[in-house]
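The file input-v2.csv contains CSV, C-alpha atoms:
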chain,number,residue,atom,x,y,z
P,1,MET,CA,-5.5,109.8,119.4
P,2,ASN,CA,-5.7,110.4,123.1
P,3,LEU,CA,-4.9,114.0,124.0
P,4,ASN,CA,-4.1,113.5,127.7
P,5,PRO,CA,-0.6,115.0,127.9
P,6,ASN,CA,0.7,112.0,129.9
P,7,THR,CA,-0.7,109.5,127.4
P,8,LEU,CA,0.4,111.6,124.5
P,9,ALA,CA,4.0,111.8,125.8
P,10,LEU,CA,4.1,108.0,126.4
P,11,GLU,CA,2.7,107.2,122.9
P,12,LEU,CA,4.9,109.6,121.2
P,13,SER,CA,8.0,108.5,123.1
P,14,ASN,CA,7.4,104.9,122.0
P,15,ALA,CA,6.8,105.9,118.4
P,16,LEU,CA,9.9,108.2,118.3
P,17,ALA,CA,12.0,105.4,119.8
P,18,ALA,CA,11.2,103.3,116.8
P,19,THR,CA,12.9,105.9,114.5
P,20,GLY,CA,16.3,105.1,116.0
P,21,GLU,CA,16.9,108.7,116.9
P,22,ASN,CA,17.3,110.0,120.5
P,23,TYR,CA,14.2,112.0,121.4
P,24,THR,CA,12.7,112.9,124.8
P,25,ALA,CA,9.0,113.4,125.3
P,26,GLU,CA,8.0,114.8,128.7
P,27,VAL,CA,5.0,116.5,130.3
P,28,VAL,CA,5.5,120.1,131.3
P,29,ASP,CA,3.3,122.6,133.0
P,30,LEU,CA,2.9,125.8,131.0
P,31,ASP,CA,1.1,127.7,133.8
P,32,ILE,CA,-1.9,129.5,132.4
P,33,TYR,CA,-1.6,127.7,129.1
P,34,GLY,CA,-2.1,124.3,130.7
P,35,THR,CA,-0.1,121.1,130.4
P,36,SER,CA,1.9,120.3,127.3
P,37,CYS,CA,4.0,117.5,125.9
P,38,GLU,CA,7.5,118.9,125.2
P,39,ILE,CA,9.6,117.0,122.7
P,40,THR,CA,13.3,117.5,122.2
P,41,LYS,CA,15.9,115.7,120.1
P,42,HIS,CA,19.3,115.0,121.6
P,43,SER,CA,21.3,116.7,118.8
P,44,SER,CA,19.0,119.7,118.5
P,45,GLY,CA,18.3,122.7,120.7
P,46,ARG,CA,14.8,123.0,119.4
P,47,LYS,CA,11.7,122.1,121.4
P,48,LEU,CA,8.3,121.2,120.2
P,49,HIS,CA,5.3,121.7,122.4
P,50,LEU,CA,2.1,119.8,121.7
P,51,THR,CA,-0.7,121.3,123.8
P,52,PRO,CA,-4.3,120.0,123.9
P,53,VAL,CA,-6.7,122.9,123.8
P,54,ASP,CA,-10.4,123.5,123.5
P,55,GLY,CA,-11.6,119.9,123.3
P,56,ASN,CA,-10.0,118.0,120.4
P,57,LEU,CA,-7.6,120.6,119.1
P,58,LEU,CA,-3.8,120.2,119.4
P,59,ASP,CA,-1.6,123.3,119.3
P,60,MET,CA,1.9,122.7,118.0
P,61,VAL,CA,4.6,125.3,118.8
P,62,LEU,CA,8.3,125.0,117.7
P,63,PHE,CA,10.9,126.9,119.6
P,64,ASP,CA,14.5,127.5,118.6
P,65,GLU,CA,17.6,127.1,120.9
P,66,THR,CA,17.0,130.5,122.5
P,67,GLY,CA,13.2,130.0,123.2
P,68,ASN,CA,11.9,132.1,120.3
P,69,THR,CA,8.9,130.7,118.5
P,70,ILE,CA,9.8,129.8,114.9
P,71,ALA,CA,6.6,127.9,113.8
P,72,SER,CA,3.2,127.2,115.1
P,73,GLY,CA,0.1,125.4,114.0
P,74,THR,CA,-3.1,123.7,115.1
P,75,LEU,CA,-4.4,120.2,114.3
P,76,PHE,CA,-8.1,120.4,114.3
P,77,ASP,CA,-10.5,117.8,115.7
P,78,LYS,CA,-10.8,115.7,112.5
P,79,ALA,CA,-7.0,115.5,112.1
P,80,VAL,CA,-6.5,114.7,115.8
P,81,ALA,CA,-9.1,112.0,115.7
P,82,ASP,CA,-7.5,110.3,112.7
P,83,ILE,CA,-3.8,110.7,113.3
P,84,THR,CA,-1.8,107.9,114.8
P,85,PRO,CA,1.2,108.2,117.2
P,86,GLU,CA,3.4,107.0,114.3
P,87,GLU,CA,2.1,109.7,111.9
P,88,LEU,CA,2.4,112.4,114.6
P,89,SER,CA,6.0,111.2,115.3
P,90,HIS,CA,6.8,111.6,111.6
P,91,LEU,CA,5.7,115.3,111.9
P,92,VAL,CA,7.9,115.6,115.0
P,93,THR,CA,11.0,114.3,113.2
P,94,ILE,CA,10.4,116.8,110.4
P,95,CYS,CA,10.3,119.7,112.9
P,96,LEU,CA,13.2,118.7,115.0
Rewrite the coordinates I just gave you, this time as structure tokens.
Amino acid sequence: MNLNPNTLALELSNALAATGENYTAEVVDLDIYGTSCEITKHSSGRKLHLTPVDGNLLDMVLFDETGNTIASGTLFDKAVADITPEELSHLVTICL
């Protein structure tokens, strides 16, 4: 999977559109933390940030409606290399 935030947002947006639900995937600047792909679902106040870090790692942070972190995790290089946008979109739908 390509970890460029712009490509990641586009690929995830396309995969999430296939679910029939109303998701938005956009690129956001997190200042010192870099650029991230922020995913939201129309009926949910939660936000999921997917941020490429340190080469082929992908940090995932889930925020509640008030901006508090409620879950976080990292996909390591082997998982990132093997996961497809469709598989990642499945993880997104579980979180949101």
Neighbours of Leu91 in chain P within 12 Å (all atoms listed in the file; same-chain residues fewer than 4 positions away dropped), as a list in words?
-> Leu12, Ala15, Leu16, Ile39, Leu48, Leu50, Met60, Leu62, Gly73, Leu75, Ile83, Thr84, Pro85, Glu86, Glu87, Cys95 and Leu96 of chain P
By how many Å are CA of Asn4 in chain P and CA of Leu30 in chain P apart?
->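 Taking CA of Asn4 in chain P as the start and CA of Leu30 in chain P as the end point, the length is 14.5 Å.
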The residue from P:Ala17, P:Cys37, P:Leu10, P:Asp31 with the smallest atom-to-atom distance to Val61 in chain P, counting only C-alpha atoms, is P:Cys37
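Non-sequential neighbours of Leu57 in chain P (distance at most 8 Å, separation of 5 or more positions within a chain, all atoms listed in the file) are Pro52, Thr74, Leu75, Phe76, Asp77 and Val80 of chain P.
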By how many Å are CA of His42 in chain P and CA of Asp82 in chain P apart?
->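 Spanning CA of His42 in chain P to CA of Asp82 in chain P is a straight-line distance of 28.6 Å.
Across the structure, CA of Glu65 in chain P and CA of Ser43 in chain P are spaced 11.2 Å apart.
The nearest approach to Thr35 in chain P among the residues P:Thr19, P:Leu88, P:Asp59, P:Asn14, with all atoms listed in the file taken into account, belongs to P:Asp59.
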Could you pull the residues within 6 Å of Ser36 in chain P, counting all atoms listed in the file, minus those fewer than 2 positions along the same chain, as a ChimeraX atom specification?
-> /P:5,27-28,50-51
Find, counting all atoms listed in the file, the residue in P:Ala71, P:Lys41, P:Ser13, P:Gly34 that gets nearest to Asp54 in chain P.
->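 Looking only at the distances to Asp54 in chain P, the closest residue turns out to be P:Gly34.
With all atoms listed in the file as the basis for measurement, P:Ser89 is the residue among P:Ile70, P:Ser89, P:Gly45, P:Lys78 that approaches Gly20 in chain P most closely.
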Might you pull out every residue within 12 Å of Thr66 in chain P, with only C-alpha atoms counted and same-chain residues fewer than 5 positions away left off, and present them as an MDAnalysis selection string?
-> chainID P and resid 44:47
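Distances to Ala79 in chain P were evaluated for P:Leu58, P:Ala18, P:Leu8, P:Val92 using all atoms listed in the file, and the minimum falls at P:Leu58.
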Counting all atoms listed in the file, the option among P:Ala9, P:Glu21, P:Met1, P:Val53 closest to Tyr33 in chain P =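 For Tyr33 in chain P, the nearest of the given residues is P:Val53.
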